[in-house]
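What follows is the content of final-v2.csv (CSV, C-alpha atoms and all ligand atoms).
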chain,number,residue,atom,x,y,z
A,1,MET,CA,16.6,-11.9,12.2
A,2,ILE,CA,16.3,-9.7,15.3
A,3,VAL,CA,12.9,-8.4,16.5
A,4,PHE,CA,12.7,-4.9,18.1
A,5,LYS,CA,9.6,-3.6,19.8
A,6,THR,CA,10.8,-0.2,20.9
A,7,CYS,CA,12.1,2.8,19.0
A,8,ASP,CA,15.0,3.4,21.4
A,9,SER,CA,16.4,-0.2,21.1
A,10,LEU,CA,16.1,-0.1,17.4
A,11,ARG,CA,17.8,3.3,17.2
A,12,ASP,CA,20.6,2.1,19.4
A,13,TYR,CA,21.2,-0.9,17.2
A,14,LEU,CA,21.1,1.1,14.0
A,15,SER,CA,23.6,3.7,15.3
A,16,THR,CA,26.4,1.2,15.3
A,17,PHE,CA,25.3,-0.1,11.9
A,18,ARG,CA,25.3,3.5,10.5
A,19,GLU,CA,28.9,4.0,11.6
A,20,GLU,CA,29.8,1.3,9.1
A,21,SER,CA,27.9,3.3,6.4
A,22,GLN,CA,26.0,0.3,5.2
A,23,SER,CA,22.8,0.7,3.2
A,24,LEU,CA,19.4,0.2,4.9
A,25,GLY,CA,16.1,-0.8,3.3
A,26,LEU,CA,12.7,-0.4,4.9
A,27,VAL,CA,9.6,-2.4,4.0
A,28,PRO,CA,6.7,-0.8,5.9
A,29,THR,CA,3.8,-3.2,6.5
A,30,MET,CA,0.7,-3.7,8.6
A,31,GLY,CA,1.4,-7.4,9.0
A,32,ALA,CA,-0.8,-10.3,7.9
A,33,LEU,CA,2.0,-10.8,5.4
A,34,HIS,CA,1.7,-12.5,2.0
A,35,GLU,CA,3.8,-13.1,-1.1
A,36,GLY,CA,3.4,-9.4,-2.1
A,37,HIS,CA,5.2,-8.3,1.1
A,38,LEU,CA,7.8,-11.0,0.8
A,39,SER,CA,8.6,-9.8,-2.8
A,40,LEU,CA,9.2,-6.3,-1.4
A,41,SER,CA,11.4,-7.8,1.4
A,42,LYS,CA,13.4,-9.9,-1.1
A,43,LEU,CA,14.1,-6.9,-3.3
A,44,SER,CA,15.3,-4.9,-0.3
A,45,VAL,CA,17.5,-7.8,0.8
A,46,ARG,CA,19.1,-7.8,-2.7
A,47,GLN,CA,19.6,-4.1,-2.7
A,48,ASN,CA,20.7,-3.3,0.8
A,49,ASN,CA,23.1,-4.6,3.5
A,50,LEU,CA,20.3,-4.6,6.1
A,51,THR,CA,16.5,-4.7,5.7
A,52,ILE,CA,13.9,-3.7,8.3
A,53,VAL,CA,10.4,-4.9,7.9
A,54,SER,CA,8.0,-2.9,10.1
A,55,VAL,CA,4.8,-4.6,11.3
A,56,PHE,CA,2.4,-2.1,12.7
A,57,VAL,CA,-1.4,-1.8,12.2
A,58,ASN,CA,-1.7,1.9,12.1
A,59,PRO,CA,-4.9,2.9,13.8
A,60,ILE,CA,-5.0,6.5,12.5
A,61,GLN,CA,-5.2,5.4,8.9
A,62,PHE,CA,-8.5,3.5,9.3
A,63,ASN,CA,-11.5,5.6,8.7
A,64,ASN,CA,-13.7,2.7,9.5
A,65,PRO,CA,-13.4,1.4,13.2
A,66,ALA,CA,-14.8,-2.1,12.2
A,67,ASP,CA,-12.1,-2.4,9.5
A,68,LEU,CA,-9.4,-1.7,12.1
A,69,GLU,CA,-10.9,-4.1,14.6
A,70,LYS,CA,-11.1,-6.9,12.1
A,71,TYR,CA,-7.7,-6.3,10.4
A,72,PRO,CA,-5.9,-9.6,10.6
A,73,ARG,CA,-3.0,-9.7,13.2
A,74,ASP,CA,-0.6,-12.6,13.7
A,75,LEU,CA,2.9,-11.5,14.5
A,76,GLU,CA,4.2,-15.1,15.1
A,77,ALA,CA,3.0,-16.2,11.6
A,78,ASP,CA,4.6,-13.0,10.1
A,79,LEU,CA,7.9,-13.8,11.8
A,80,ASP,CA,7.8,-17.4,10.5
A,81,LEU,CA,7.4,-16.0,6.9
A,82,LEU,CA,10.1,-13.4,7.3
A,83,GLU,CA,12.8,-15.5,8.9
A,84,PRO,CA,13.8,-17.4,5.7
A,85,VAL,CA,13.7,-14.2,3.6
A,86,LEU,CA,15.6,-11.9,6.0
A,87,GLY,CA,17.9,-14.3,7.9
A,88,PHE,CA,20.9,-12.5,9.3
A,89,ARG,CA,20.4,-9.6,7.0
A,90,GLY,CA,17.1,-8.4,8.5
A,91,ILE,CA,15.3,-6.9,11.4
A,92,VAL,CA,11.6,-6.8,12.2
A,93,PHE,CA,10.3,-3.7,14.0
A,94,ALA,CA,6.9,-4.4,15.7
A,95,PRO,CA,6.1,-1.5,18.0
A,96,SER,CA,2.9,-1.0,20.0
A,97,VAL,CA,0.5,1.9,19.4
A,98,GLU,CA,1.9,3.6,22.6
A,99,GLU,CA,5.4,3.3,21.3
A,100,MET,CA,4.6,4.8,17.9
A,101,TYR,CA,2.4,7.5,19.3
A,102,PRO,CA,3.5,8.5,22.8
A,103,LYS,CA,2.0,11.9,22.3
A,104,GLN,CA,-1.2,13.4,20.8
A,105,ILE,CA,-0.7,13.8,17.0
A,106,ASP,CA,-2.2,16.7,15.2
A,107,THR,CA,-0.2,16.9,11.9
A,108,GLN,CA,-2.4,17.8,8.9
A,109,TYR,CA,-0.7,17.2,5.6
A,110,ASP,CA,-1.8,18.9,2.4
A,111,PHE,CA,-1.0,16.4,-0.3
A,112,GLY,CA,-3.0,18.4,-2.8
A,113,PRO,CA,-5.4,17.1,-5.4
A,114,LEU,CA,-3.7,13.7,-5.7
A,115,ALA,CA,-5.0,12.8,-2.2
A,116,GLU,CA,-8.5,14.1,-2.9
A,117,VAL,CA,-9.6,11.6,-5.6
A,118,MET,CA,-10.4,7.9,-5.3
A,119,GLU,CA,-9.1,6.5,-2.0
A,120,GLY,CA,-8.8,10.1,-0.7
A,121,ALA,CA,-12.4,10.8,-1.5
A,122,PHE,CA,-13.8,7.6,-0.2
A,123,ARG,CA,-11.6,7.2,2.9
A,124,PRO,CA,-11.4,10.7,4.6
A,125,GLY,CA,-8.3,11.0,6.7
A,126,HIS,CA,-6.7,7.8,5.4
A,127,PHE,CA,-3.7,9.4,3.6
A,128,ASN,CA,-3.0,11.8,6.5
A,129,GLY,CA,-2.7,8.8,8.8
A,130,VAL,CA,-0.5,7.0,6.3
A,131,GLY,CA,1.7,10.1,5.9
A,132,ILE,CA,2.1,10.4,9.7
A,133,VAL,CA,3.1,6.8,10.3
A,134,VAL,CA,5.4,6.6,7.3
A,135,ASN,CA,7.1,9.9,8.2
A,136,ARG,CA,7.6,8.6,11.7
A,137,LEU,CA,9.1,5.3,10.4
A,138,PHE,CA,11.4,7.3,8.1
A,139,ARG,CA,12.6,9.5,11.0
A,140,ILE,CA,13.2,6.6,13.4
A,141,ILE,CA,15.0,4.3,10.9
A,142,GLU,CA,16.4,6.8,8.3
A,143,PRO,CA,16.5,4.2,5.6
A,144,ASP,CA,18.3,4.7,2.3
A,145,ARG,CA,15.4,3.0,0.3
A,146,ALA,CA,11.8,2.2,1.2
A,147,TYR,CA,9.7,-0.3,-0.7
A,148,PHE,CA,5.9,0.1,-1.5
A,149,GLY,CA,3.7,-2.1,-3.6
A,150,GLU,CA,1.8,-0.7,-6.7
A,151,LYS,CA,-1.4,-2.2,-5.5
A,152,ASP,CA,-1.7,0.9,-3.4
A,153,PHE,CA,-0.7,3.0,-6.4
A,154,GLN,CA,-2.2,6.2,-5.0
A,155,GLN,CA,-0.5,5.6,-1.7
A,156,LEU,CA,2.8,5.5,-3.5
A,157,ALA,CA,2.1,8.9,-5.1
A,158,VAL,CA,1.2,10.3,-1.7
A,159,ILE,CA,4.4,9.0,-0.1
A,160,ARG,CA,6.5,10.6,-2.8
A,161,LYS,CA,4.7,13.9,-2.0
A,162,LEU,CA,5.3,13.3,1.7
A,163,VAL,CA,9.0,13.1,1.1
A,164,GLU,CA,8.8,16.3,-0.9
A,165,LEU,CA,6.8,18.1,1.8
A,166,GLU,CA,9.0,16.9,4.7
A,167,LYS,CA,12.2,17.4,2.6
A,168,PHE,CA,13.3,14.2,4.3
A,169,GLY,CA,13.1,10.6,3.3
A,170,PRO,CA,14.6,7.7,1.4
A,171,GLU,CA,14.5,6.7,-2.2
A,172,ILE,CA,11.0,5.4,-2.9
A,173,ILE,CA,11.1,2.0,-4.7
A,174,PRO,CA,7.8,1.0,-6.4
A,175,CYS,CA,7.2,-2.8,-6.6
A,176,PRO,CA,4.8,-4.6,-9.0
A,177,ILE,CA,1.5,-6.1,-7.8
A,178,ILE,CA,1.8,-9.8,-7.0
A,179,ARG,CA,-1.3,-11.8,-8.0
A,180,GLU,CA,-2.8,-15.1,-7.1
A,181,ALA,CA,-2.9,-17.6,-10.0
A,182,ASP,CA,-6.5,-16.5,-10.8
A,183,GLY,CA,-5.5,-12.8,-11.0
A,184,LEU,CA,-6.7,-11.6,-7.6
A,185,ALA,CA,-4.2,-9.0,-6.3
A,186,MET,CA,-2.6,-10.3,-3.1
A,187,SER,CA,-3.9,-8.4,0.0
A,188,SER,CA,-4.0,-9.0,3.7
A,189,ARG,CA,-7.8,-8.4,3.4
A,190,ASN,CA,-8.2,-11.5,1.1
A,191,GLN,CA,-8.0,-13.6,4.3
A,192,ARG,CA,-11.3,-12.2,5.4
A,193,LEU,CA,-13.2,-13.1,2.2
A,194,SER,CA,-15.9,-15.8,2.5
A,195,ALA,CA,-15.5,-18.7,0.1
A,196,GLU,CA,-18.2,-17.3,-2.1
A,197,HIS,CA,-16.7,-13.8,-2.3
A,198,ARG,CA,-13.2,-15.3,-2.8
A,199,ALA,CA,-14.5,-17.2,-5.8
A,200,ALA,CA,-16.1,-14.1,-7.3
A,201,ALA,CA,-13.1,-11.7,-6.6
A,202,PRO,CA,-11.0,-12.6,-9.7
A,203,VAL,CA,-13.5,-10.7,-11.8
A,204,ILE,CA,-11.8,-7.5,-10.6
A,205,PHE,CA,-8.6,-8.3,-12.5
A,206,GLN,CA,-10.7,-9.6,-15.4
A,207,ALA,CA,-12.5,-6.3,-15.5
A,208,LEU,CA,-9.2,-4.4,-15.4
A,209,SER,CA,-7.8,-6.6,-18.2
A,210,GLU,CA,-11.0,-5.9,-20.3
A,211,ALA,CA,-10.5,-2.1,-19.6
A,212,ALA,CA,-6.9,-2.4,-21.0
A,213,ARG,CA,-8.1,-4.3,-24.0
A,214,LEU,CA,-10.9,-1.9,-24.8
A,215,TYR,CA,-9.2,1.4,-23.8
A,216,GLY,CA,-8.9,3.6,-26.9
A,217,ARG,CA,-11.7,1.7,-28.8
A,218,SER,CA,-14.6,2.8,-26.7
A,219,ASP,CA,-15.7,6.0,-24.9
A,220,ILE,CA,-14.5,6.1,-21.3
A,221,THR,CA,-18.0,6.6,-19.9
A,222,ASP,CA,-19.2,3.5,-21.8
A,223,LEU,CA,-16.1,1.6,-20.7
A,224,LYS,CA,-16.8,2.4,-17.0
A,225,ARG,CA,-20.4,1.2,-17.5
A,226,GLN,CA,-19.2,-2.1,-19.0
A,227,ILE,CA,-16.7,-2.7,-16.2
A,228,ILE,CA,-19.2,-1.9,-13.5
A,229,ALA,CA,-21.7,-4.2,-15.2
A,230,MET,CA,-19.1,-7.0,-15.4
A,231,ILE,CA,-18.4,-6.8,-11.6
A,232,HIS,CA,-22.1,-6.4,-10.7
A,233,ALA,CA,-22.9,-9.5,-12.7
A,234,THR,CA,-21.4,-11.5,-9.9
A,235,LYS,CA,-24.4,-10.2,-7.8
A,236,ILE,CA,-22.2,-10.3,-4.6
A,237,LEU,CA,-19.5,-7.7,-5.4
A,238,LYS,CA,-20.4,-4.0,-5.2
A,239,VAL,CA,-18.3,-1.4,-7.0
A,240,GLU,CA,-17.4,1.7,-5.0
A,241,TYR,CA,-15.6,3.4,-7.9
A,242,VAL,CA,-14.0,2.7,-11.3
A,243,GLU,CA,-11.7,5.5,-12.4
A,244,PHE,CA,-9.4,6.1,-15.3
A,245,ALA,CA,-6.6,8.4,-14.2
A,246,ASP,CA,-3.3,9.9,-15.3
A,247,GLU,CA,-0.5,7.8,-13.7
A,248,GLU,CA,1.4,10.8,-12.6
A,249,THR,CA,-1.2,13.3,-11.4
A,250,LEU,CA,-3.9,10.7,-10.6
A,251,MET,CA,-6.4,13.2,-12.1
A,252,PRO,CA,-9.4,11.5,-13.8
A,253,VAL,CA,-9.1,11.0,-17.6
A,254,TYR,CA,-12.2,11.4,-19.7
A,255,LYS,CA,-10.9,10.9,-23.2
A,256,THR,CA,-8.8,8.1,-24.6
A,257,SER,CA,-6.3,10.3,-26.5
A,258,TRP,CA,-4.1,11.2,-23.5
A,259,PRO,CA,-0.5,12.2,-23.6
A,260,ASN,CA,0.6,10.3,-20.4
A,261,PRO,CA,0.2,6.7,-19.3
A,262,VAL,CA,-3.3,6.0,-17.9
A,263,ARG,CA,-4.3,3.5,-15.3
A,264,CYS,CA,-7.7,2.0,-14.4
A,265,PHE,CA,-8.4,1.9,-10.7
A,266,ILE,CA,-11.2,-0.1,-9.0
A,267,ALA,CA,-12.5,-0.3,-5.5
A,268,VAL,CA,-15.0,-3.0,-4.6
A,269,TYR,CA,-16.9,-4.2,-1.6
A,270,ALA,CA,-17.1,-8.0,-1.0
A,271,ASP,CA,-19.6,-7.8,1.8
A,272,GLU,CA,-17.8,-5.7,4.4
A,273,VAL,CA,-14.3,-6.4,2.9
A,274,ARG,CA,-13.0,-3.6,0.7
A,275,LEU,CA,-10.7,-4.6,-2.2
A,276,ILE,CA,-8.7,-2.4,-4.5
A,277,ASP,CA,-6.7,-3.0,-7.6
A,278,ASN,CA,-5.3,-1.2,-10.7
A,279,LEU,CA,-3.8,-1.8,-14.1
A,280,ARG,CA,-2.1,0.4,-16.7
A,281,VAL,CA,-4.4,0.6,-19.7
A,282,SER,CA,-2.4,2.8,-22.1
B,301,LIG,O1,0.4,-0.2,2.7
B,301,LIG,C1,0.3,-0.4,4.0
B,301,LIG,O2,0.4,-1.5,4.4
B,301,LIG,C2,0.2,0.8,4.9
B,301,LIG,O3,-0.5,1.8,4.4
B,301,LIG,C3,1.6,1.3,5.4
B,301,LIG,C4,2.4,1.9,4.2
B,301,LIG,C5,2.4,0.2,6.0
B,301,LIG,C6,1.4,2.4,6.4
B,301,LIG,O4,0.8,1.9,7.5
Can the structure in the file be given as structure tokens, please?
Ligand code: PAF
Amino acid sequence: MIVFKTCDSLRDYLSTFREESQSLGLVPTMGALHEGHLSLSKLSVRQNNLTIVSVFVNPIQFNNPADLEKYPRDLEADLDLLEPVLGFRGIVFAPSVEEMYPKQIDTQYDFGPLAEVMEGAFRPGHFNGVGIVVNRLFRIIEPDRAYFGEKDFQQLAVIRKLVELEKFGPEIIPCPIIREADGLAMSSRNQRLSAEHRAAAPVIFQALSEAARLYGRSDITDLKRQIIAMIHATKILKVEYVEFADEETLMPVYKTSWPNPVRCFIAVYADEVRLIDNLRVS
């Protein structure tokens, strides 16, 4: 496993690799890796000759400065986790902020309505920042495939739209959510939960499972009320939103007879740590 910290050194290395027309997989991450990231990396290793895992905490996608400051960072621990997965078939790209953004960036994407709901509504500017960094990674690395987890389901839709807008980019491979034994979706932010909040957090997946069980039997407004009540019964988790949305357009669904698959999306605050999760309900 080779570690590159500059775009030029990575590009130089990849140009020789490209001549041999081998396939290249990219797993973009912000570090603080867990089994979810490793599952994406393993899939890329299976599907490509070479896998690049990028580790970059992207400042311009954080709408909350405290969240950026407290985001866990430990490159050495990340490398230890990646070494057995990538071995000689992988590269880690861990650039600095100056390396990624040598110039002022003023790109404004219009991802349309799918970036205006849920995460887009509650985290202004977030998806624009994600779009900018992902497009930059795609342009530097020119992967054949890029791997994204379904925990950030809306992000996946935005990235597909990004490839459409830029008319440039790899095949986007969605990967299933990896959960702890108690159902909590794996997330780098879980490290920041207090013992009390960690113990309460599995209620998010229980609420989603309840939504899937009751979807179609109960009115959506009632269902949302029940889910919110279930989470608020912990007394220490605070719901930011519960939404039922069309899997493709991400537009809210208000009735249970819907022609397309529907997913339930939840965002919750555990003190200052924000957790998101989702599950298909129809
Ligand atoms: O999902 C993430 O970790 C980030 O949003 C991504 C895609 C690596 C861009 O910074």
Practice problem: Around the point (14.0, -12.3, 8.9) in the file's coordinates, collect all residues with an atom within 10 Å, using all atoms listed in the file, and return them as a list in words. | Solution: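 The requested residues, written out, are Met1, Ile2, Val3, Ser41, Val45, Thr51, Ile52, Val53, Asp78, Leu79, Asp80, Leu81, Leu82, Glu83, Pro84, Val85, Leu86, Gly87, Phe88, Arg89, Gly90, Ile91 and Val92 of chain A.
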Quick one: write out the picked residues with C-alpha atoms as an mmCIF file, in the coordinates of the input?
data_model
loop_
_atom_site.group_PDB
_atom_site.id
_atom_site.type_symbol
_atom_site.label_atom_id
_atom_site.label_comp_id
_atom_site.auth_asym_id
_atom_site.auth_seq_id
_atom_site.Cartn_x
_atom_site.Cartn_y
_atom_site.Cartn_z
ATOM 1 C CA MET A 1 16.600 -11.900 12.200
ATOM 2 C CA ILE A 2 16.300 -9.700 15.300
ATOM 3 C CA VAL A 3 12.900 -8.400 16.500
ATOM 4 C CA SER A 41 11.400 -7.800 1.400
ATOM 5 C CA VAL A 45 17.500 -7.800 0.800
ATOM 6 C CA THR A 51 16.500 -4.700 5.700
ATOM 7 C CA ILE A 52 13.900 -3.700 8.300
ATOM 8 C CA VAL A 53 10.400 -4.900 7.900
ATOM 9 C CA ASP A 78 4.600 -13.000 10.100
ATOM 10 C CA LEU A 79 7.900 -13.800 11.800
ATOM 11 C CA ASP A 80 7.800 -17.400 10.500
ATOM 12 C CA LEU A 81 7.400 -16.000 6.900
ATOM 13 C CA LEU A 82 10.100 -13.400 7.300
ATOM 14 C CA GLU A 83 12.800 -15.500 8.900
ATOM 15 C CA PRO A 84 13.800 -17.400 5.700
ATOM 16 C CA VAL A 85 13.700 -14.200 3.600
ATOM 17 C CA LEU A 86 15.600 -11.900 6.000
ATOM 18 C CA GLY A 87 17.900 -14.300 7.900
ATOM 19 C CA PHE A 88 20.900 -12.500 9.300
ATOM 20 C CA ARG A 89 20.400 -9.600 7.000
ATOM 21 C CA GLY A 90 17.100 -8.400 8.500
ATOM 22 C CA ILE A 91 15.300 -6.900 11.400
ATOM 23 C CA VAL A 92 11.600 -6.800 12.200
#
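The smallest atom-to-atom distance between Ala199 in chain A and any of A:Ile140, A:Ala270, A:Ile227, A:Leu250, using all atoms listed in the file, is found for A:Ala270.
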Return as a Markdown table the residues of range 207-276 of chain A lying at most 10 Å from range 179-197 of chain A, together with the closest atom-to-atom pair for each and the distance in Å to one decimal, counting all atoms listed in the file, with rows in chain order and ascending residue number.
| residue | atom | partner | partner_atom | distance |
| --- | --- | --- | --- | --- |
| A:Ser209 | CA | A:Gly183 | CA | 9.8 |
| A:Thr234 | CA | A:His197 | CA | 9.2 |
| A:Ile236 | CA | A:His197 | CA | 6.9 |
| A:Leu237 | CA | A:His197 | CA | 7.4 |
| A:Tyr269 | CA | A:His197 | CA | 9.6 |
| A:Ala270 | CA | A:His197 | CA | 6.0 |
| A:Asp271 | CA | A:His197 | CA | 7.8 |
| A:Glu272 | CA | A:Leu193 | CA | 9.0 |
| A:Val273 | CA | A:Arg189 | CA | 6.8 |
| A:Arg274 | CA | A:Arg189 | CA | 7.6 |
| A:Leu275 | CA | A:Arg189 | CA | 7.4 |
| A:Ile276 | CA | A:Ala185 | CA | 8.2 |
Practice problem: Tell me which of A:Lys255, A:Arg160, A:Arg213, A:Arg225 sits closest to ligand LIG 301 (chain B), counting all atoms listed in the file. | Solution: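 Among A:Lys255, A:Arg160, A:Arg213, A:Arg225, it is A:Arg160 that comes nearest to ligand LIG 301 (chain B).
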Self-check item: Given 8 Å and all atoms listed in the file, residues near ligand LIG 301 (chain B) as a VMD selection string
Solution: chain A and resid 27 to 31 54 to 58 61 129 to 131 133 to 134 148 to 149 152 155
Quiz prompt | Spatial sel., origin (20.8, -1.0, 3.8), limit 9 Å, all atoms listed in the file, listed as a PyMOL selection string | solution = chain A and resi 21-26+44-45+47-52+143-145
Quiz prompt | Given all atoms listed in the file as the counted atoms, nearest of A:Ile105, A:Leu43, A:Ala207, A:Ile60 to Val281 in chain A | solution = A:Ala207
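Between CA of Phe265 in chain A and CA of Phe205 in chain A there is a distance of 10.4 Å.
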Could the residues of range 135-196 of chain A that have an atom at most 9 Å from range 108-128 of chain A be listed as a tab-separated table, each with its closest atom pair and the distance in Å to one decimal, counting all atoms listed in the file and ordered by chain and ascending residue number?
residue	atom	partner	partner_atom	distance
A:Gln154	CA	A:Glu119	CA	7.5
A:Gln155	CA	A:Phe127	CA	7.3
A:Ala157	CA	A:Leu114	CA	7.6
A:Val158	CA	A:Phe111	CA	6.6
A:Ile159	CA	A:Phe127	CA	8.9
A:Lys161	CA	A:Phe111	CA	6.5
A:Leu162	CA	A:Phe111	CA	7.3
A:Leu165	CA	A:Phe111	CA	8.3
Output of the above residues as a tab-separated table (two decimals), in the coordinates of the input, restricted to C-alpha atoms:
chain	number	residue	atom	x	y	z
A	154	GLN	CA	-2.20	6.20	-5.00
A	155	GLN	CA	-0.50	5.60	-1.70
A	157	ALA	CA	2.10	8.90	-5.10
A	158	VAL	CA	1.20	10.30	-1.70
A	159	ILE	CA	4.40	9.00	-0.10
A	161	LYS	CA	4.70	13.90	-2.00
A	162	LEU	CA	5.30	13.30	1.70
A	165	LEU	CA	6.80	18.10	1.80
Could I get range 249-273 of chain A from the block written as a PDB file, in the first residue's frame, with N, CA and C atoms?
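Result file part-v2.pdb:
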ATOM      1  N   THR A 249     -36.423  10.239  -6.627  1.00  0.00           N
ATOM      2  CA  THR A 249     -36.450  11.714  -6.698  1.00  0.00           C
ATOM      3  C   THR A 249     -36.127  12.348  -5.349  1.00  0.00           C
ATOM      4  N   LEU A 250     -36.279  11.555  -4.274  1.00  0.00           N
ATOM      5  CA  LEU A 250     -36.123  12.016  -2.887  1.00  0.00           C
ATOM      6  C   LEU A 250     -37.183  13.030  -2.474  1.00  0.00           C
ATOM      7  N   MET A 251     -38.227  13.154  -3.283  1.00  0.00           N
ATOM      8  CA  MET A 251     -39.319  14.047  -2.912  1.00  0.00           C
ATOM      9  C   MET A 251     -40.180  13.376  -1.838  1.00  0.00           C
ATOM     10  N   PRO A 252     -40.697  14.172  -0.872  1.00  0.00           N
ATOM     11  CA  PRO A 252     -41.488  13.593   0.209  1.00  0.00           C
ATOM     12  C   PRO A 252     -42.710  12.841  -0.318  1.00  0.00           C
ATOM     13  N   VAL A 253     -43.035  11.766   0.358  1.00  0.00           N
ATOM     14  CA  VAL A 253     -44.205  10.950   0.006  1.00  0.00           C
ATOM     15  C   VAL A 253     -45.220  11.118   1.139  1.00  0.00           C
ATOM     16  N   TYR A 254     -46.448  11.450   0.762  1.00  0.00           N
ATOM     17  CA  TYR A 254     -47.457  11.708   1.800  1.00  0.00           C
ATOM     18  C   TYR A 254     -48.540  10.638   1.853  1.00  0.00           C
ATOM     19  N   LYS A 255     -48.524   9.715   0.875  1.00  0.00           N
ATOM     20  CA  LYS A 255     -49.524   8.645   0.927  1.00  0.00           C
ATOM     21  C   LYS A 255     -48.838   7.295   0.708  1.00  0.00           C
ATOM     22  N   THR A 256     -49.430   6.265   1.266  1.00  0.00           N
ATOM     23  CA  THR A 256     -48.727   4.976   1.268  1.00  0.00           C
ATOM     24  C   THR A 256     -48.906   4.192  -0.040  1.00  0.00           C
ATOM     25  N   SER A 257     -49.889   4.607  -0.875  1.00  0.00           N
ATOM     26  CA  SER A 257     -49.955   3.930  -2.174  1.00  0.00           C
ATOM     27  C   SER A 257     -49.073   4.733  -3.131  1.00  0.00           C
ATOM     28  N   TRP A 258     -47.853   4.280  -3.301  1.00  0.00           N
ATOM     29  CA  TRP A 258     -46.880   5.036  -4.100  1.00  0.00           C
ATOM     30  C   TRP A 258     -46.275   4.105  -5.133  1.00  0.00           C
ATOM     31  N   PRO A 259     -46.137   4.527  -6.378  1.00  0.00           N
ATOM     32  CA  PRO A 259     -45.683   3.586  -7.415  1.00  0.00           C
ATOM     33  C   PRO A 259     -44.217   3.157  -7.279  1.00  0.00           C
ATOM     34  N   ASN A 260     -43.364   4.009  -6.683  1.00  0.00           N
ATOM     35  CA  ASN A 260     -41.918   3.694  -6.619  1.00  0.00           C
ATOM     36  C   ASN A 260     -41.527   3.276  -5.209  1.00  0.00           C
ATOM     37  N   PRO A 261     -40.346   2.648  -5.065  1.00  0.00           N
ATOM     38  CA  PRO A 261     -39.870   2.328  -3.714  1.00  0.00           C
ATOM     39  C   PRO A 261     -39.754   3.591  -2.856  1.00  0.00           C
ATOM     40  N   VAL A 262     -40.089   3.427  -1.576  1.00  0.00           N
ATOM     41  CA  VAL A 262     -40.064   4.552  -0.630  1.00  0.00           C
ATOM     42  C   VAL A 262     -39.087   4.214   0.484  1.00  0.00           C
ATOM     43  N   ARG A 263     -38.368   5.230   0.957  1.00  0.00           N
ATOM     44  CA  ARG A 263     -37.439   5.058   2.067  1.00  0.00           C
ATOM     45  C   ARG A 263     -37.811   6.002   3.193  1.00  0.00           C
ATOM     46  N   CYS A 264     -37.548   5.566   4.411  1.00  0.00           N
ATOM     47  CA  CYS A 264     -37.718   6.465   5.546  1.00  0.00           C
ATOM     48  C   CYS A 264     -36.320   6.980   5.919  1.00  0.00           C
ATOM     49  N   PHE A 265     -36.225   8.282   6.124  1.00  0.00           N
ATOM     50  CA  PHE A 265     -34.943   8.949   6.451  1.00  0.00           C
ATOM     51  C   PHE A 265     -35.079   9.618   7.814  1.00  0.00           C
ATOM     52  N   ILE A 266     -34.049   9.458   8.635  1.00  0.00           N
ATOM     53  CA  ILE A 266     -34.095  10.068   9.971  1.00  0.00           C
ATOM     54  C   ILE A 266     -32.785  10.812  10.233  1.00  0.00           C
ATOM     55  N   ALA A 267     -32.899  12.003  10.824  1.00  0.00           N
ATOM     56  CA  ALA A 267     -31.713  12.717  11.347  1.00  0.00           C
ATOM     57  C   ALA A 267     -32.007  13.050  12.801  1.00  0.00           C
ATOM     58  N   VAL A 268     -31.000  12.785  13.636  1.00  0.00           N
ATOM     59  CA  VAL A 268     -31.196  12.901  15.078  1.00  0.00           C
ATOM     60  C   VAL A 268     -29.979  13.580  15.700  1.00  0.00           C
ATOM     61  N   TYR A 269     -30.204  14.401  16.706  1.00  0.00           N
ATOM     62  CA  TYR A 269     -29.078  14.922  17.496  1.00  0.00           C
ATOM     63  C   TYR A 269     -28.937  14.120  18.779  1.00  0.00           C
ATOM     64  N   ALA A 270     -27.702  13.630  19.018  1.00  0.00           N
ATOM     65  CA  ALA A 270     -27.361  13.022  20.298  1.00  0.00           C
ATOM     66  C   ALA A 270     -26.428  14.026  20.945  1.00  0.00           C
ATOM     67  N   ASP A 271     -26.992  14.907  21.745  1.00  0.00           N
ATOM     68  CA  ASP A 271     -26.250  16.074  22.240  1.00  0.00           C
ATOM     69  C   ASP A 271     -25.793  16.851  21.007  1.00  0.00           C
ATOM     70  N   GLU A 272     -24.453  17.053  20.816  1.00  0.00           N
ATOM     71  CA  GLU A 272     -24.069  17.831  19.632  1.00  0.00           C
ATOM     72  C   GLU A 272     -23.676  16.943  18.443  1.00  0.00           C
ATOM     73  N   VAL A 273     -23.813  15.631  18.593  1.00  0.00           N
ATOM     74  CA  VAL A 273     -23.445  14.715  17.504  1.00  0.00           C
ATOM     75  C   VAL A 273     -24.687  14.427  16.662  1.00  0.00           C
TER      76      VAL A 273
END
